[in-house]
Amino acid sequence: MVHKNAHGASLWHAVRGDRPERPALQDRLHVDLAIVGGGFTGLSSALHAAEKALCVAVLEAEIIAWGATGRNAGFVVPNFARKDPDSILAQLGPERGGRLIDFAAGSADLVFSLIRRHGIDCDAMQNGWIQPAHSPAALEKVKSRAGQWARHGRPVVTLDRRQVETMTGARGYTGGWMDRSGGLLNPVAYALGLADAAEKAGGRIFERTPVTSVDRISDGWALKTPSGSVHAQKVLLATNAYGGSLNPVLQRTYLPLKVFQIATDPLPPEIRTRLLPGGQGAGDTRRNLFTFRFDADNRLISGGMHIFGPGADARVPQAIWRRLARYLNLPDLPPLAFSWSGMAAVDPDFLPRLVDLGPGLIAGFACNGRGIAMTTAMGKTLADWASGTDIQDLPLPFGPLSPIPLHGLIRYAPNMLLPWSMLRDRLEASETP
């Protein structure tokens with residue numbers, strides 16, 4: 001049986017077990033920091049702000065981890081999807097660029113330290129993240145990437161063809177690299193653990209509480225919900241690509257990207273031991289990114305983007321399943337058991353950033369496929385802002401509201417260009433000796 005949950009729960013929600021929902025807001029609150037969104041950014045911000053003795057409230061429109069937080073594959077990756085340290089230094093300069101590099105470099109270590117400190121049961125494994133190279137040109141790029149991160153003191157290693165095959169079980173790659181500080185986890189279980197820790201620190205979390213408006217008042221901000229209101233000194237919009245109509249202009253500052261994920265039935269031991277025997281996760285260098293990992297029950301998980309067309313919710317998961325079987329040489333791959341999708345926010349320069357929306361009102365988003373590590377670290381940084389640190393002293397790029405020109409057309413570019421990207425991937429891979 002295939003569970004197609006394109007607009008519903010992911011695998012991670014399905015396997016989390018029953019849990020009581022948190023109540024909806026029913027009254028009026030006065031807080032130091034109001035956080036809109038119960039994903040990684042919001043929950044990490046709430047935890048770190050509450051530990052600084054701030055009065056914090058999280059307002060989630062659905063349930064904890066309902067958006068991108070609960071719809072990803074569970075990779076903890078402490079680097080940037082399309083940017084390397086040298087290009088960041090060239091773009092931002094040595095001071096600001098150096099701070100952003102340090103921010104990203106320590107992001108996975110922060111995730112796993114929180115898991116240990118708060119005893120979060122989320123199948124976490126900090127045993128490395130592997131990026132195989134699909135072509136000779138890609139291999140040169142990853143060698144350069146690994147070298148740059150090594151110069152910043154990161155625990156990275158380059159891999160030759162045989163090492164990649166041994167560590168992943170996948171053939172056809174030219175080599176790759178690994179960041180040993182990366183890893184895997186169950187994202188919904190991790191988010192719930194952050195929520196529990198935030199509440200223990202004194203924060204309050206409300207589910208089924210959509211924010212309908214955020215308005216400036218004389219001494220702060222007023223947030224309205226269907227059955228309550230919040231008066232806050234500062235407000236964080238931590239909705240990423242799930243902001244809805246709360247701030248339509250903000251939605252035009254990033255490109256929304258729909259990503260599908262699938263999970264098979266559990267693999268038999270004789271196949272499982274051949275693939276990723278060290279338990280790492282892998283995401284290769286293709287433009288049409290190919291990822292694969294196992295969960296705690298030996299389900300094989302992979303993801304991908306989709307080309308526009310009818311029936312994507314049924315068509316794309318099957319295409320990802322076929323690609324998984326082909327790339328990993330699994331003619332007897334167990335059937336597809338779960339499929340789901342989510343929305344990522346892609347920034348034009350592929351960096352995380354903060355948007356200054358007014359005195360004491362900020363939005364933090366666009367982690368470009370590196371959500372778990374980056375948003376956890378972003379939350380810690382935003383707690384510093386909430387407790388008085390000037391936005392200019394934070395390690396993240398920031399600026400005023402700046403919509404993308406011709407956003408109504410350009411927003412479709414990632415999906416419209418996918419066929420051309422897939423062709424380039426195939427042509428480059430065919431050059432492999």
# chains A, B, ... in the order shown; residues from 1 in each chain; ligands from 1

$ residues_around --residues "range 90-96 of chain A" --least-positions-apart "2" --cutoff "9 Å" --atoms "only C-alpha atoms" --output "JSON, numbers by chain"
{"A": [85, 86, 87, 88, 98, 99, 100, 101, 394, 395, 396, 397]}

$ select_by_dssp --residues "range 81-155 of chain A" --states "helix (DSSP H, G or I)" --output "compact mmCIF listing (two decimals) with all heavy atoms, in the first residue's frame"
# COMPACT_ATOMS: atom_id res chain seq x y z
N PRO A 85 33.19 28.54 0.92
CA PRO A 85 33.78 29.62 1.71
C PRO A 85 34.46 30.73 0.91
O PRO A 85 34.28 31.91 1.21
CB PRO A 85 34.78 28.88 2.61
CG PRO A 85 34.14 27.55 2.82
CD PRO A 85 33.51 27.22 1.48
N ASP A 86 35.22 30.37 -0.12
CA ASP A 86 35.93 31.41 -0.87
C ASP A 86 34.96 32.38 -1.54
O ASP A 86 35.19 33.60 -1.55
CB ASP A 86 36.83 30.77 -1.93
CG ASP A 86 38.07 30.12 -1.33
OD1 ASP A 86 38.25 30.21 -0.10
OD2 ASP A 86 38.83 29.50 -2.10
N SER A 87 33.87 31.86 -2.11
CA SER A 87 32.91 32.74 -2.78
C SER A 87 32.16 33.61 -1.76
O SER A 87 31.79 34.76 -2.06
CB SER A 87 31.92 31.93 -3.61
OG SER A 87 31.12 31.08 -2.80
N ILE A 88 31.93 33.09 -0.57
CA ILE A 88 31.27 33.88 0.47
C ILE A 88 32.17 35.02 0.94
O ILE A 88 31.73 36.15 1.12
CB ILE A 88 30.87 32.97 1.64
CG1 ILE A 88 29.73 32.03 1.21
CG2 ILE A 88 30.43 33.80 2.86
CD1 ILE A 88 29.41 30.97 2.22
N LEU A 89 33.46 34.73 1.10
CA LEU A 89 34.40 35.78 1.49
C LEU A 89 34.49 36.85 0.41
O LEU A 89 34.57 38.04 0.71
CB LEU A 89 35.77 35.16 1.76
CG LEU A 89 35.87 34.26 2.99
CD1 LEU A 89 37.22 33.58 3.04
CD2 LEU A 89 35.62 35.06 4.28
N ALA A 90 34.46 36.42 -0.85
CA ALA A 90 34.52 37.38 -1.94
C ALA A 90 33.26 38.24 -1.99
O ALA A 90 33.32 39.44 -2.32
CB ALA A 90 34.71 36.65 -3.27
N GLN A 91 32.11 37.66 -1.66
CA GLN A 91 30.85 38.38 -1.73
C GLN A 91 30.62 39.30 -0.54
O GLN A 91 30.17 40.44 -0.70
CB GLN A 91 29.70 37.38 -1.83
CG GLN A 91 28.30 38.00 -1.83
CD GLN A 91 27.20 36.96 -1.93
OE1 GLN A 91 27.44 35.82 -2.34
NE2 GLN A 91 25.99 37.33 -1.56
N LEU A 92 30.95 38.82 0.67
CA LEU A 92 30.61 39.55 1.89
C LEU A 92 31.80 40.21 2.56
O LEU A 92 31.62 41.02 3.48
CB LEU A 92 29.93 38.61 2.89
CG LEU A 92 28.63 37.95 2.42
CD1 LEU A 92 28.10 37.00 3.50
CD2 LEU A 92 27.58 38.98 2.06
N PRO A 94 35.89 39.74 4.38
CA PRO A 94 36.47 38.83 5.38
C PRO A 94 35.76 38.83 6.73
O PRO A 94 35.69 37.79 7.39
CB PRO A 94 37.92 39.33 5.51
CG PRO A 94 37.89 40.75 5.01
CD PRO A 94 36.84 40.77 3.94
N GLU A 95 35.24 39.99 7.15
CA GLU A 95 34.63 40.05 8.48
C GLU A 95 33.25 39.41 8.48
O GLU A 95 33.00 38.44 9.22
CB GLU A 95 34.55 41.51 8.94
CG GLU A 95 34.28 41.68 10.44
CD GLU A 95 32.79 41.66 10.75
OE1 GLU A 95 32.00 42.09 9.89
OE2 GLU A 95 32.42 41.19 11.85
N ARG A 96 32.34 39.92 7.66
CA ARG A 96 30.99 39.36 7.63
C ARG A 96 31.00 37.97 7.02
O ARG A 96 30.29 37.08 7.48
CB ARG A 96 30.05 40.27 6.85
CG ARG A 96 29.79 41.62 7.52
CD ARG A 96 28.47 42.23 7.05
NE ARG A 96 27.34 41.40 7.46
CZ ARG A 96 26.75 41.48 8.65
NH1 ARG A 96 27.18 42.32 9.56
NH2 ARG A 96 25.71 40.71 8.93
N GLY A 97 31.80 37.77 5.99
CA GLY A 97 31.88 36.44 5.38
C GLY A 97 32.44 35.42 6.34
O GLY A 97 31.96 34.28 6.41
N GLY A 98 33.45 35.80 7.09
CA GLY A 98 34.03 34.88 8.06
C GLY A 98 33.05 34.47 9.14
O GLY A 98 33.00 33.30 9.56
N ARG A 99 32.24 35.43 9.59
CA ARG A 99 31.24 35.12 10.62
C ARG A 99 30.17 34.17 10.08
O ARG A 99 29.72 33.26 10.79
CB ARG A 99 30.60 36.39 11.14
CG ARG A 99 31.50 37.19 12.08
CD ARG A 99 30.72 38.22 12.86
NE ARG A 99 30.27 39.32 12.03
CZ ARG A 99 29.32 40.17 12.38
NH1 ARG A 99 28.69 40.02 13.54
NH2 ARG A 99 28.98 41.17 11.58
N LEU A 100 29.76 34.36 8.82
CA LEU A 100 28.76 33.47 8.24
C LEU A 100 29.32 32.07 8.06
O LEU A 100 28.63 31.07 8.30
CB LEU A 100 28.27 34.03 6.90
CG LEU A 100 27.23 33.19 6.17
CD1 LEU A 100 25.97 33.01 7.02
CD2 LEU A 100 26.87 33.83 4.82
N ILE A 101 30.57 31.97 7.65
CA ILE A 101 31.21 30.65 7.49
C ILE A 101 31.29 29.93 8.82
O ILE A 101 30.98 28.74 8.93
CB ILE A 101 32.61 30.82 6.86
CG1 ILE A 101 32.48 31.27 5.40
CG2 ILE A 101 33.40 29.52 6.95
CD1 ILE A 101 33.77 31.76 4.80
N ASP A 102 31.68 30.64 9.87
CA ASP A 102 31.74 30.04 11.20
C ASP A 102 30.35 29.61 11.66
O ASP A 102 30.19 28.56 12.32
CB ASP A 102 32.35 31.02 12.20
CG ASP A 102 33.83 31.27 11.97
OD1 ASP A 102 34.47 30.47 11.26
OD2 ASP A 102 34.34 32.29 12.48
N PHE A 103 29.35 30.43 11.35
CA PHE A 103 27.96 30.11 11.70
C PHE A 103 27.57 28.77 11.10
O PHE A 103 27.01 27.90 11.78
CB PHE A 103 27.06 31.23 11.18
CG PHE A 103 25.60 30.89 11.11
CD1 PHE A 103 24.76 31.09 12.20
CD2 PHE A 103 25.03 30.39 9.93
CE1 PHE A 103 23.41 30.79 12.12
CE2 PHE A 103 23.69 30.09 9.85
CZ PHE A 103 22.87 30.28 10.95
N ALA A 104 27.83 28.59 9.80
CA ALA A 104 27.46 27.34 9.14
C ALA A 104 28.31 26.17 9.62
O ALA A 104 27.80 25.06 9.83
CB ALA A 104 27.60 27.50 7.62
N ALA A 105 29.60 26.41 9.80
CA ALA A 105 30.51 25.33 10.15
C ALA A 105 30.13 24.64 11.46
O ALA A 105 30.26 23.42 11.59
CB ALA A 105 31.94 25.87 10.23
N SER A 107 27.06 24.53 12.75
CA SER A 107 25.62 24.31 12.87
C SER A 107 25.25 22.87 13.18
O SER A 107 24.34 22.62 13.98
CB SER A 107 24.92 24.78 11.58
OG SER A 107 25.41 24.09 10.44
N ALA A 108 25.92 21.90 12.58
CA ALA A 108 25.60 20.49 12.89
C ALA A 108 26.01 20.14 14.31
O ALA A 108 25.29 19.42 15.02
CB ALA A 108 26.28 19.56 11.89
N ASP A 109 27.18 20.63 14.73
CA ASP A 109 27.61 20.37 16.11
C ASP A 109 26.60 20.93 17.10
O ASP A 109 26.33 20.32 18.14
CB ASP A 109 28.98 21.00 16.36
CG ASP A 109 30.10 20.27 15.63
OD1 ASP A 109 29.96 19.07 15.37
OD2 ASP A 109 31.10 20.93 15.30
N LEU A 110 26.00 22.09 16.77
CA LEU A 110 24.97 22.66 17.65
C LEU A 110 23.76 21.73 17.73
O LEU A 110 23.24 21.48 18.82
CB LEU A 110 24.55 24.03 17.14
CG LEU A 110 23.37 24.68 17.87
CD1 LEU A 110 23.70 24.94 19.33
CD2 LEU A 110 22.95 25.98 17.17
N VAL A 111 23.32 21.22 16.59
CA VAL A 111 22.16 20.31 16.58
C VAL A 111 22.39 19.12 17.50
O VAL A 111 21.57 18.81 18.38
CB VAL A 111 21.87 19.83 15.15
CG1 VAL A 111 20.84 18.69 15.17
CG2 VAL A 111 21.36 20.98 14.28
N PHE A 112 23.51 18.46 17.31
CA PHE A 112 23.74 17.23 18.08
C PHE A 112 24.06 17.52 19.54
O PHE A 112 23.77 16.70 20.41
CB PHE A 112 24.85 16.41 17.41
CG PHE A 112 24.42 15.83 16.08
CD1 PHE A 112 24.89 16.37 14.90
CD2 PHE A 112 23.51 14.79 16.02
CE1 PHE A 112 24.48 15.85 13.67
CE2 PHE A 112 23.10 14.26 14.81
CZ PHE A 112 23.58 14.80 13.63
N SER A 113 24.62 18.70 19.84
CA SER A 113 24.82 19.04 21.24
C SER A 113 23.49 19.30 21.95
O SER A 113 23.31 18.92 23.12
CB SER A 113 25.74 20.27 21.36
OG SER A 113 25.10 21.45 20.89
N LEU A 114 22.54 19.93 21.24
CA LEU A 114 21.21 20.12 21.82
C LEU A 114 20.52 18.78 22.07
O LEU A 114 19.85 18.58 23.09
CB LEU A 114 20.35 20.98 20.90
CG LEU A 114 20.72 22.46 20.79
CD1 LEU A 114 19.89 23.14 19.70
CD2 LEU A 114 20.51 23.17 22.13
N ILE A 115 20.67 17.86 21.12
CA ILE A 115 20.07 16.54 21.28
C ILE A 115 20.62 15.84 22.52
O ILE A 115 19.87 15.25 23.32
CB ILE A 115 20.31 15.70 20.01
CG1 ILE A 115 19.48 16.27 18.85
CG2 ILE A 115 19.97 14.23 20.25
CD1 ILE A 115 19.85 15.70 17.50
N ARG A 116 21.94 15.92 22.70
CA ARG A 116 22.54 15.28 23.88
C ARG A 116 22.14 16.00 25.16
O ARG A 116 21.77 15.35 26.15
CB ARG A 116 24.07 15.27 23.72
CG ARG A 116 24.59 14.34 22.64
CD ARG A 116 26.11 14.23 22.71
NE ARG A 116 26.77 15.50 22.40
CZ ARG A 116 27.15 15.88 21.18
NH1 ARG A 116 26.92 15.09 20.14
NH2 ARG A 116 27.76 17.03 21.00
N ARG A 117 22.18 17.32 25.14
CA ARG A 117 21.92 18.09 26.36
C ARG A 117 20.49 17.92 26.86
O ARG A 117 20.24 17.84 28.07
CB ARG A 117 22.21 19.57 26.12
CG ARG A 117 21.94 20.48 27.30
CD ARG A 117 22.76 21.75 27.23
NE ARG A 117 22.42 22.57 26.09
CZ ARG A 117 21.56 23.59 26.13
NH1 ARG A 117 20.92 23.86 27.25
NH2 ARG A 117 21.33 24.31 25.06
N HIS A 118 19.54 17.81 25.92
CA HIS A 118 18.14 17.72 26.31
C HIS A 118 17.58 16.30 26.20
O HIS A 118 16.39 16.10 26.40
CB HIS A 118 17.31 18.68 25.46
CG HIS A 118 17.66 20.12 25.67
ND1 HIS A 118 17.32 20.81 26.81
CD2 HIS A 118 18.36 21.00 24.89
CE1 HIS A 118 17.79 22.06 26.72
NE2 HIS A 118 18.42 22.19 25.58
N PRO A 136 33.55 13.97 -13.69
CA PRO A 136 34.89 14.49 -13.41
C PRO A 136 34.89 15.98 -13.06
O PRO A 136 35.62 16.42 -12.17
CB PRO A 136 35.65 14.23 -14.72
CG PRO A 136 34.95 13.05 -15.33
CD PRO A 136 33.50 13.26 -14.99
N ALA A 137 34.08 16.78 -13.75
CA ALA A 137 34.02 18.20 -13.44
C ALA A 137 33.49 18.43 -12.04
O ALA A 137 33.98 19.29 -11.30
CB ALA A 137 33.14 18.92 -14.46
N ALA A 138 32.46 17.67 -11.65
CA ALA A 138 31.92 17.79 -10.30
C ALA A 138 32.93 17.38 -9.25
O ALA A 138 32.98 17.95 -8.15
CB ALA A 138 30.64 16.96 -10.17
N LEU A 139 33.76 16.38 -9.57
CA LEU A 139 34.77 15.93 -8.62
C LEU A 139 35.77 17.04 -8.33
O LEU A 139 36.18 17.24 -7.18
CB LEU A 139 35.49 14.70 -9.15
CG LEU A 139 36.59 14.13 -8.24
CD1 LEU A 139 36.03 13.76 -6.87
CD2 LEU A 139 37.26 12.93 -8.90
N GLU A 140 36.18 17.78 -9.37
CA GLU A 140 37.11 18.88 -9.14
C GLU A 140 36.49 19.93 -8.23
O GLU A 140 37.16 20.52 -7.38
CB GLU A 140 37.52 19.49 -10.48
CG GLU A 140 38.38 18.57 -11.34
CD GLU A 140 39.60 18.05 -10.60
OE1 GLU A 140 40.34 18.87 -10.00
OE2 GLU A 140 39.80 16.82 -10.57
N LYS A 141 35.19 20.17 -8.41
CA LYS A 141 34.52 21.15 -7.57
C LYS A 141 34.45 20.70 -6.12
O LYS A 141 34.67 21.50 -5.20
CB LYS A 141 33.11 21.42 -8.10
CG LYS A 141 33.08 22.19 -9.42
CD LYS A 141 31.65 22.44 -9.86
CE LYS A 141 31.61 23.20 -11.17
NZ LYS A 141 30.21 23.44 -11.65
N VAL A 142 34.15 19.42 -5.89
CA VAL A 142 34.04 18.97 -4.50
C VAL A 142 35.40 18.88 -3.83
O VAL A 142 35.52 19.09 -2.62
CB VAL A 142 33.28 17.64 -4.38
CG1 VAL A 142 31.87 17.75 -4.94
CG2 VAL A 142 34.02 16.49 -5.02
N LYS A 143 36.44 18.61 -4.61
CA LYS A 143 37.79 18.63 -4.03
C LYS A 143 38.12 20.05 -3.56
O LYS A 143 38.68 20.24 -2.47
CB LYS A 143 38.81 18.16 -5.04
CG LYS A 143 38.81 16.65 -5.29
CD LYS A 143 39.89 16.28 -6.29
CE LYS A 143 39.96 14.79 -6.51
NZ LYS A 143 41.00 14.43 -7.53
N SER A 144 37.77 21.03 -4.39
CA SER A 144 38.00 22.41 -3.99
C SER A 144 37.16 22.77 -2.78
O SER A 144 37.64 23.43 -1.84
CB SER A 144 37.66 23.34 -5.16
OG SER A 144 37.72 24.70 -4.77
N ARG A 145 35.91 22.34 -2.77
CA ARG A 145 35.01 22.62 -1.65
C ARG A 145 35.55 22.03 -0.35
O ARG A 145 35.59 22.71 0.68
CB ARG A 145 33.63 22.05 -1.96
CG ARG A 145 32.58 22.22 -0.88
CD ARG A 145 31.23 21.76 -1.40
NE ARG A 145 30.84 22.58 -2.54
CZ ARG A 145 30.11 22.14 -3.56
NH1 ARG A 145 29.67 20.89 -3.58
NH2 ARG A 145 29.80 22.95 -4.55
N ALA A 146 35.97 20.78 -0.41
CA ALA A 146 36.50 20.15 0.79
C ALA A 146 37.75 20.87 1.27
O ALA A 146 37.95 21.06 2.48
CB ALA A 146 36.80 18.68 0.49
N GLY A 147 38.61 21.26 0.33
CA GLY A 147 39.82 21.97 0.72
C GLY A 147 39.52 23.29 1.40
O GLY A 147 40.19 23.67 2.37
N GLN A 148 38.53 24.00 0.89
CA GLN A 148 38.17 25.29 1.49
C GLN A 148 37.65 25.11 2.91
O GLN A 148 38.02 25.86 3.82
CB GLN A 148 37.13 25.99 0.62
CG GLN A 148 37.66 26.46 -0.72
CD GLN A 148 36.57 27.04 -1.59
OE1 GLN A 148 35.75 27.85 -1.13
NE2 GLN A 148 36.53 26.64 -2.86
N TRP A 149 36.78 24.11 3.12
CA TRP A 149 36.27 23.89 4.47
C TRP A 149 37.36 23.37 5.41
O TRP A 149 37.38 23.71 6.60
CB TRP A 149 35.08 22.93 4.44
CG TRP A 149 33.83 23.57 3.96
CD1 TRP A 149 33.20 23.39 2.76
CD2 TRP A 149 33.04 24.55 4.66
NE1 TRP A 149 32.08 24.19 2.67
CE2 TRP A 149 31.96 24.90 3.81
CE3 TRP A 149 33.13 25.15 5.91
CZ2 TRP A 149 30.98 25.83 4.19
CZ3 TRP A 149 32.17 26.08 6.30
CH2 TRP A 149 31.12 26.40 5.44
N ALA A 150 38.29 22.59 4.86
CA ALA A 150 39.41 22.13 5.68
C ALA A 150 40.25 23.30 6.18
O ALA A 150 40.72 23.30 7.32
CB ALA A 150 40.27 21.16 4.89
N ARG A 151 40.41 24.32 5.33
CA ARG A 151 41.19 25.50 5.75
C ARG A 151 40.49 26.26 6.87
O ARG A 151 41.13 27.06 7.57
CB ARG A 151 41.45 26.40 4.55
CG ARG A 151 42.43 25.82 3.55
CD ARG A 151 42.94 26.88 2.58
NE ARG A 151 41.91 27.38 1.70
CZ ARG A 151 41.56 26.82 0.55
NH1 ARG A 151 42.16 25.69 0.15
NH2 ARG A 151 40.63 27.36 -0.22

$ closest_residue --among "A:Asp347, A:Asp123, A:Glu428, A:Glu207" --to "Glu21 in chain A" --atoms "only C-alpha atoms"
A:Glu207

$ closest_residue --among "A:Ala429, A:Ile217, A:Leu43, A:Val58" --to "Tyr190 in chain A" --atoms "only C-alpha atoms"
A:Leu43

$ closest_residue --among "A:Arg323, A:Arg287, A:His48, A:Arg22" --to "Ala377 in chain A" --atoms "only C-alpha atoms"
A:His48

$ atom_distance --atom1 "CA of Gly183 in chain A" --atom2 "CA of Gly37 in chain A"
24.8 Å

$ closest_residue --among "A:Arg252, A:Pro210, A:Asp160, A:Arg19" --to "Pro405 in chain A" --atoms "only C-alpha atoms"
A:Arg252

$ select_by_dssp --residues "range 266-299 of chain A" --states "strand (DSSP E)" --output "MDAnalysis selection string"
chainID A and resid 266 281:283 291:294 299

$ atom_distance --atom1 "CA of Gly311 in chain A" --atom2 "CA of Gly243 in chain A"
25.1 Å

$ residues_around --residues "His134 in chain A" --least-positions-apart "2" --cutoff "12 Å" --atoms "only C-alpha atoms" --output "MDAnalysis selection string"
chainID A and resid 131:132 136:142 161 164 170:177 283:290 327 424:433

$ atom_distance --atom1 "CA of His152 in chain A" --atom2 "CA of Leu194 in chain A"
28.9 Å

$ closest_residue --among "A:Ala14, A:Ala263, A:Ala344, A:Val56" --to "Ser387 in chain A" --atoms "only C-alpha atoms"
A:Val56

$ decode --residues "range 296-315 of chain A" --atoms "N, CA, C and O atoms" --output "PDB file, in the first residue's frame"
ATOM      1  N   ALA A 296      15.452   4.547  10.890  1.00  0.00           N
ATOM      2  CA  ALA A 296      15.758   3.575  11.947  1.00  0.00           C
ATOM      3  C   ALA A 296      15.166   2.200  11.671  1.00  0.00           C
ATOM      4  O   ALA A 296      15.613   1.205  12.255  1.00  0.00           O
ATOM      5  N   ASP A 297      14.162   2.122  10.798  1.00  0.00           N
ATOM      6  CA  ASP A 297      13.531   0.844  10.473  1.00  0.00           C
ATOM      7  C   ASP A 297      13.986   0.302   9.120  1.00  0.00           C
ATOM      8  O   ASP A 297      13.323  -0.568   8.544  1.00  0.00           O
ATOM      9  N   ASN A 298      15.102   0.829   8.610  1.00  0.00           N
ATOM     10  CA  ASN A 298      15.696   0.375   7.347  1.00  0.00           C
ATOM     11  C   ASN A 298      14.830   0.665   6.127  1.00  0.00           C
ATOM     12  O   ASN A 298      14.928  -0.022   5.110  1.00  0.00           O
ATOM     13  N   ARG A 299      13.984   1.670   6.214  1.00  0.00           N
ATOM     14  CA  ARG A 299      13.329   2.171   4.996  1.00  0.00           C
ATOM     15  C   ARG A 299      14.342   3.010   4.232  1.00  0.00           C
ATOM     16  O   ARG A 299      15.065   3.813   4.822  1.00  0.00           O
ATOM     17  N   LEU A 300      14.383   2.864   2.935  1.00  0.00           N
ATOM     18  CA  LEU A 300      15.262   3.663   2.100  1.00  0.00           C
ATOM     19  C   LEU A 300      14.507   4.914   1.663  1.00  0.00           C
ATOM     20  O   LEU A 300      13.386   4.831   1.152  1.00  0.00           O
ATOM     21  N   ILE A 301      15.109   6.063   1.900  1.00  0.00           N
ATOM     22  CA  ILE A 301      14.458   7.360   1.677  1.00  0.00           C
ATOM     23  C   ILE A 301      15.214   8.125   0.604  1.00  0.00           C
ATOM     24  O   ILE A 301      16.452   8.148   0.589  1.00  0.00           O
ATOM     25  N   SER A 302      14.476   8.738  -0.309  1.00  0.00           N
ATOM     26  CA  SER A 302      15.087   9.561  -1.350  1.00  0.00           C
ATOM     27  C   SER A 302      14.133  10.690  -1.707  1.00  0.00           C
ATOM     28  O   SER A 302      12.947  10.668  -1.328  1.00  0.00           O
ATOM     29  N   GLY A 303      14.643  11.678  -2.445  1.00  0.00           N
ATOM     30  CA  GLY A 303      13.809  12.810  -2.797  1.00  0.00           C
ATOM     31  C   GLY A 303      14.169  13.382  -4.143  1.00  0.00           C
ATOM     32  O   GLY A 303      15.136  12.969  -4.790  1.00  0.00           O
ATOM     33  N   GLY A 304      13.368  14.349  -4.586  1.00  0.00           N
ATOM     34  CA  GLY A 304      13.638  14.996  -5.854  1.00  0.00           C
ATOM     35  C   GLY A 304      12.636  16.085  -6.150  1.00  0.00           C
ATOM     36  O   GLY A 304      11.596  16.208  -5.499  1.00  0.00           O
ATOM     37  N   MET A 305      12.948  16.878  -7.170  1.00  0.00           N
ATOM     38  CA  MET A 305      12.054  17.936  -7.621  1.00  0.00           C
ATOM     39  C   MET A 305      11.134  17.386  -8.704  1.00  0.00           C
ATOM     40  O   MET A 305      11.224  16.225  -9.090  1.00  0.00           O
ATOM     41  N   HIS A 306      10.249  18.269  -9.233  1.00  0.00           N
ATOM     42  CA  HIS A 306       9.321  17.806 -10.257  1.00  0.00           C
ATOM     43  C   HIS A 306       9.202  18.822 -11.378  1.00  0.00           C
ATOM     44  O   HIS A 306       9.409  20.025 -11.186  1.00  0.00           O
ATOM     45  N   ILE A 307       8.921  18.294 -12.565  1.00  0.00           N
ATOM     46  CA  ILE A 307       8.629  19.122 -13.726  1.00  0.00           C
ATOM     47  C   ILE A 307       7.136  19.405 -13.721  1.00  0.00           C
ATOM     48  O   ILE A 307       6.326  18.548 -13.366  1.00  0.00           O
ATOM     49  N   PHE A 308       6.768  20.623 -14.113  1.00  0.00           N
ATOM     50  CA  PHE A 308       5.352  20.971 -14.135  1.00  0.00           C
ATOM     51  C   PHE A 308       4.572  20.008 -15.025  1.00  0.00           C
ATOM     52  O   PHE A 308       5.036  19.563 -16.073  1.00  0.00           O
ATOM     53  N   GLY A 309       3.370  19.694 -14.590  1.00  0.00           N
ATOM     54  CA  GLY A 309       2.497  18.833 -15.358  1.00  0.00           C
ATOM     55  C   GLY A 309       1.432  18.256 -14.459  1.00  0.00           C
ATOM     56  O   GLY A 309       1.556  18.285 -13.227  1.00  0.00           O
ATOM     57  N   PRO A 310       0.377  17.722 -15.058  1.00  0.00           N
ATOM     58  CA  PRO A 310      -0.707  17.166 -14.245  1.00  0.00           C
ATOM     59  C   PRO A 310      -0.295  15.886 -13.535  1.00  0.00           C
ATOM     60  O   PRO A 310       0.572  15.144 -13.987  1.00  0.00           O
ATOM     61  N   GLY A 311      -0.928  15.643 -12.396  1.00  0.00           N
ATOM     62  CA  GLY A 311      -0.725  14.390 -11.676  1.00  0.00           C
ATOM     63  C   GLY A 311       0.612  14.249 -10.993  1.00  0.00           C
ATOM     64  O   GLY A 311       1.074  13.136 -10.763  1.00  0.00           O
ATOM     65  N   ALA A 312       1.254  15.371 -10.619  1.00  0.00           N
ATOM     66  CA  ALA A 312       2.588  15.292 -10.027  1.00  0.00           C
ATOM     67  C   ALA A 312       2.594  14.495  -8.732  1.00  0.00           C
ATOM     68  O   ALA A 312       3.547  13.761  -8.456  1.00  0.00           O
ATOM     69  N   ASP A 313       1.553  14.612  -7.935  1.00  0.00           N
ATOM     70  CA  ASP A 313       1.545  13.934  -6.639  1.00  0.00           C
ATOM     71  C   ASP A 313       1.612  12.422  -6.780  1.00  0.00           C
ATOM     72  O   ASP A 313       2.115  11.733  -5.885  1.00  0.00           O
ATOM     73  N   ALA A 314       1.124  11.888  -7.884  1.00  0.00           N
ATOM     74  CA  ALA A 314       1.212  10.454  -8.135  1.00  0.00           C
ATOM     75  C   ALA A 314       2.416  10.106  -9.001  1.00  0.00           C
ATOM     76  O   ALA A 314       3.059   9.071  -8.820  1.00  0.00           O
ATOM     77  N   ARG A 315       2.727  10.982  -9.962  1.00  0.00           N
ATOM     78  CA  ARG A 315       3.764  10.698 -10.950  1.00  0.00           C
ATOM     79  C   ARG A 315       5.174  10.824 -10.381  1.00  0.00           C
ATOM     80  O   ARG A 315       6.031   9.950 -10.611  1.00  0.00           O
TER      81      ARG A 315
END
